[in-house]
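> This is the structure I have questions about; it appears just below.
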Amino acid sequence: MRLVVNKIVLALSILSAVVGLSFLGWILVTLVVKGMTAMSASLFIHDLVDNGLRNLIVGQFVLAGLASLVGIPLGMVAGIYLREYGNGSRYAEFIRDLSDIMMSAPSIVIGAFVYAVAVKPFDGPSGFAGAFALAIMMIPIVINTTDSMLSLVPKELREAGIALGASKYKVIFDIVIRAAKVGIMTGILLSFARIIGETAPLLFTSETSNYFTLDLTSSFSSMTVSIYNLANEPEESARDLAWAASLVLTALVLIINLTGRYLTRNKHK
């Protein structure tokens, strides 16, 4: 009986995996086929107003880069505190629970929050508000990654550093973080890949622009929001451009994710 149940469960598991991968393959094939029809070198040298993607690509990376400048240091410092100084206190556990909740919070809710505190009071969308929303999404991911990676560092390394007379600060930054740096970097790359593909928070906060701009005090170029807008346009050329932009964005996210997994695999080796 157990053997029969095991075979049934195994068959259902394989079937579920095949169905899931089939839908994923269908999406990717459709994206590649439709995206390649509109792909050309001119997309990367012209702005959206001239049927190009240059300003969108630059704008998306600027927003994600600014979010990283805020989210990575804050997330790492918080993760170090939780693991090295929290000592299982209620305050540390509360921060962990809050971080877990923030990781699972819908991005559109974060966008609505930033709209209320950083867009409406200043009478309009801005690049700063968009970067702020992305940073809020990034911080809990970096906290969780840093906390988890530091927990994998053997206690003996900390004790050895203290036995040599090093201060706790030195032990953390010269021994513990150095031992966990690959895992932390992988988490940072994956969090960057997460925010660079976000649309909902930017709809409320930065919107998008058809022109190349580095002015973060007004509507700022965003590839994800532009894809949403182009997909709703009646012209077929606009929808083709949306497919091309979707393919470029998917390729960027895929490259970042593969880089993170490559680093993880090399660490295990």
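Chain lettering (A, B, ...) mirrors the order of the structure tokens, residue numbering begins at 1 for each chain separately, and ligand numbering begins at 1 in order of display.
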Give me the residues within 7 Å of stretch 139-152 of chain A as a PDB file with C-alpha atoms, in the first residue's frame, counting only C-alpha atoms and dropping any in the same chain fewer than 4 places off.

ATOM      1  CA  GLY A  71      18.525  49.781   1.257  1.00  0.00           C
ATOM      2  CA  ILE A  72      21.810  47.852   1.264  1.00  0.00           C
ATOM      3  CA  LEU A  74      20.479  49.925   6.279  1.00  0.00           C
ATOM      4  CA  GLY A  75      19.601  46.289   5.663  1.00  0.00           C
ATOM      5  CA  MET A  76      23.132  45.056   6.376  1.00  0.00           C
ATOM      6  CA  ALA A  78      20.090  45.846  10.799  1.00  0.00           C
ATOM      7  CA  GLY A  79      20.978  42.238   9.910  1.00  0.00           C
ATOM      8  CA  ILE A  80      24.324  42.504  11.727  1.00  0.00           C
ATOM      9  CA  LEU A  82      20.012  41.140  14.878  1.00  0.00           C
ATOM     10  CA  ARG A  83      22.590  38.350  14.628  1.00  0.00           C
ATOM     11  CA  SER A  99      11.039  42.208   8.396  1.00  0.00           C
ATOM     12  CA  MET A 102       7.490  43.499   5.036  1.00  0.00           C
ATOM     13  CA  MET A 103       8.983  40.884   2.694  1.00  0.00           C
ATOM     14  CA  ALA A 135      14.314  50.942  -0.967  1.00  0.00           C
ATOM     15  CA  VAL A 176      32.388  37.027  10.410  1.00  0.00           C
ATOM     16  CA  ALA A 180      29.721  35.251   4.883  1.00  0.00           C
ATOM     17  CA  GLY A 183      26.143  34.668   0.637  1.00  0.00           C
ATOM     18  CA  ILE A 184      25.421  38.282   1.553  1.00  0.00           C
ATOM     19  CA  GLY A 187      21.230  38.079  -1.403  1.00  0.00           C
ATOM     20  CA  ILE A 188      21.951  41.667  -2.411  1.00  0.00           C
ATOM     21  CA  SER A 191      17.096  41.774  -3.938  1.00  0.00           C
TER      22      SER A 191
END
> Considering only C-alpha atoms, give me a table of residues in stretch 146-240 of chain A that are at most 7 Å from stretch 248-264 of chain A, with the closest atom pair and distance in Å for each, as JSON lines.

{"residue": "A:Val182", "atom": "CA", "partner": "A:Leu263", "partner_atom": "CA", "distance": 6.7}
{"residue": "A:Gly183", "atom": "CA", "partner": "A:Thr264", "partner_atom": "CA", "distance": 6.5}
{"residue": "A:Thr186", "atom": "CA", "partner": "A:Gly260", "partner_atom": "CA", "distance": 4.6}
{"residue": "A:Leu189", "atom": "CA", "partner": "A:Gly260", "partner_atom": "CA", "distance": 5.9}
{"residue": "A:Leu190", "atom": "CA", "partner": "A:Asn257", "partner_atom": "CA", "distance": 5.9}
{"residue": "A:Ala193", "atom": "CA", "partner": "A:Val253", "partner_atom": "CA", "distance": 5.3}
> As a VMD selection string, please: every residue in stretch 64-262 of chain A that a backbone DSSP assignment puts in helix (DSSP H, G or I).
chain A and resid 64 to 85 90 to 104 107 to 122 127 to 151 155 to 163 168 to 196 200 to 205 223 to 231 236 to 262
> Could you give me, as a PyMOL selection string, the residues within 10 Å of A:Val114, counting only C-alpha atoms and dropping anything in the same chain fewer than 5 positions from it?
chain A and resi 108-109+119-120+129-130+132-134+136+201-202+204-205
> Under the rule that only C-alpha atoms are counted, which of A:Ile8, A:Ala238, A:Leu230, A:Ile195 is the nearest residue to A:Val62?
A:Ile195
> Excluding A:Pro106 and residues on its chain fewer than 4 positions from it, collect all residues at most 10 Å away from it, counting only C-alpha atoms, and give them as a PDB file with N, CA and C atoms, in the first residue's frame.

ATOM      1  N   ILE A 101       7.252  40.242   7.666  1.00  0.00           N
ATOM      2  CA  ILE A 101       5.971  40.778   7.208  1.00  0.00           C
ATOM      3  C   ILE A 101       6.181  41.713   6.027  1.00  0.00           C
ATOM      4  N   MET A 102       7.214  42.561   6.113  1.00  0.00           N
ATOM      5  CA  MET A 102       7.490  43.499   5.036  1.00  0.00           C
ATOM      6  C   MET A 102       7.896  42.780   3.752  1.00  0.00           C
ATOM      7  N   ILE A 110       2.948  49.135  -0.553  1.00  0.00           N
ATOM      8  CA  ILE A 110       4.107  49.997  -0.298  1.00  0.00           C
ATOM      9  C   ILE A 110       4.032  51.243  -1.178  1.00  0.00           C
ATOM     10  N   GLY A 111       3.621  51.056  -2.431  1.00  0.00           N
ATOM     11  CA  GLY A 111       3.468  52.200  -3.320  1.00  0.00           C
ATOM     12  C   GLY A 111       2.429  53.182  -2.816  1.00  0.00           C
ATOM     13  N   MET A 137      11.179  48.181  -0.182  1.00  0.00           N
ATOM     14  CA  MET A 137      11.052  46.780  -0.558  1.00  0.00           C
ATOM     15  C   MET A 137      12.366  46.022  -0.398  1.00  0.00           C
ATOM     16  N   ALA A 200       4.238  48.154  -9.690  1.00  0.00           N
ATOM     17  CA  ALA A 200       3.173  48.742  -8.877  1.00  0.00           C
ATOM     18  C   ALA A 200       3.612  49.939  -8.030  1.00  0.00           C
ATOM     19  N   PRO A 201       4.742  49.861  -7.305  1.00  0.00           N
ATOM     20  CA  PRO A 201       5.107  51.023  -6.483  1.00  0.00           C
ATOM     21  C   PRO A 201       5.410  52.264  -7.321  1.00  0.00           C
TER      22      PRO A 201
END
> Find the residues around A:Leu63 up to 9 Å (only C-alpha atoms counted), leave out those fewer than 6 positions away in its own chain, and share them as an MDAnalysis selection string.
chainID A and resid 127:128 130:132 134 196 220:222
> Atom CA of A:Ile14 and atom CA of A:Thr30 are how many Å apart?
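Separation between atom CA of A:Ile14 and atom CA of A:Thr30: 24.0 Å.
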> Which residue, A:Ser126, A:Thr224, A:Ser104, A:Ser42, has the smallest gap to A:Ser206 when you use only C-alpha atoms?
A:Ser126
> Give me the residues within 7 Å of A:Glu207 as a CSV table (one decimal) with C-alpha atoms, in the first residue's frame, counting only C-alpha atoms and dropping any in the same chain fewer than 6 places off.

chain,number,residue,atom,x,y,z
A,125,PRO,CA,5.4,62.2,-8.5
A,219,SER,CA,8.2,62.2,-13.2
A,220,PHE,CA,11.1,59.9,-13.9
A,225,VAL,CA,5.6,51.6,-15.9
> Which residue, A:Ala11, A:Ile177, A:Ala116, A:Ala245, has the smallest gap to A:Val32 when you use only C-alpha atoms?
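Distance minimum relative to A:Val32 lands on A:Ala245.
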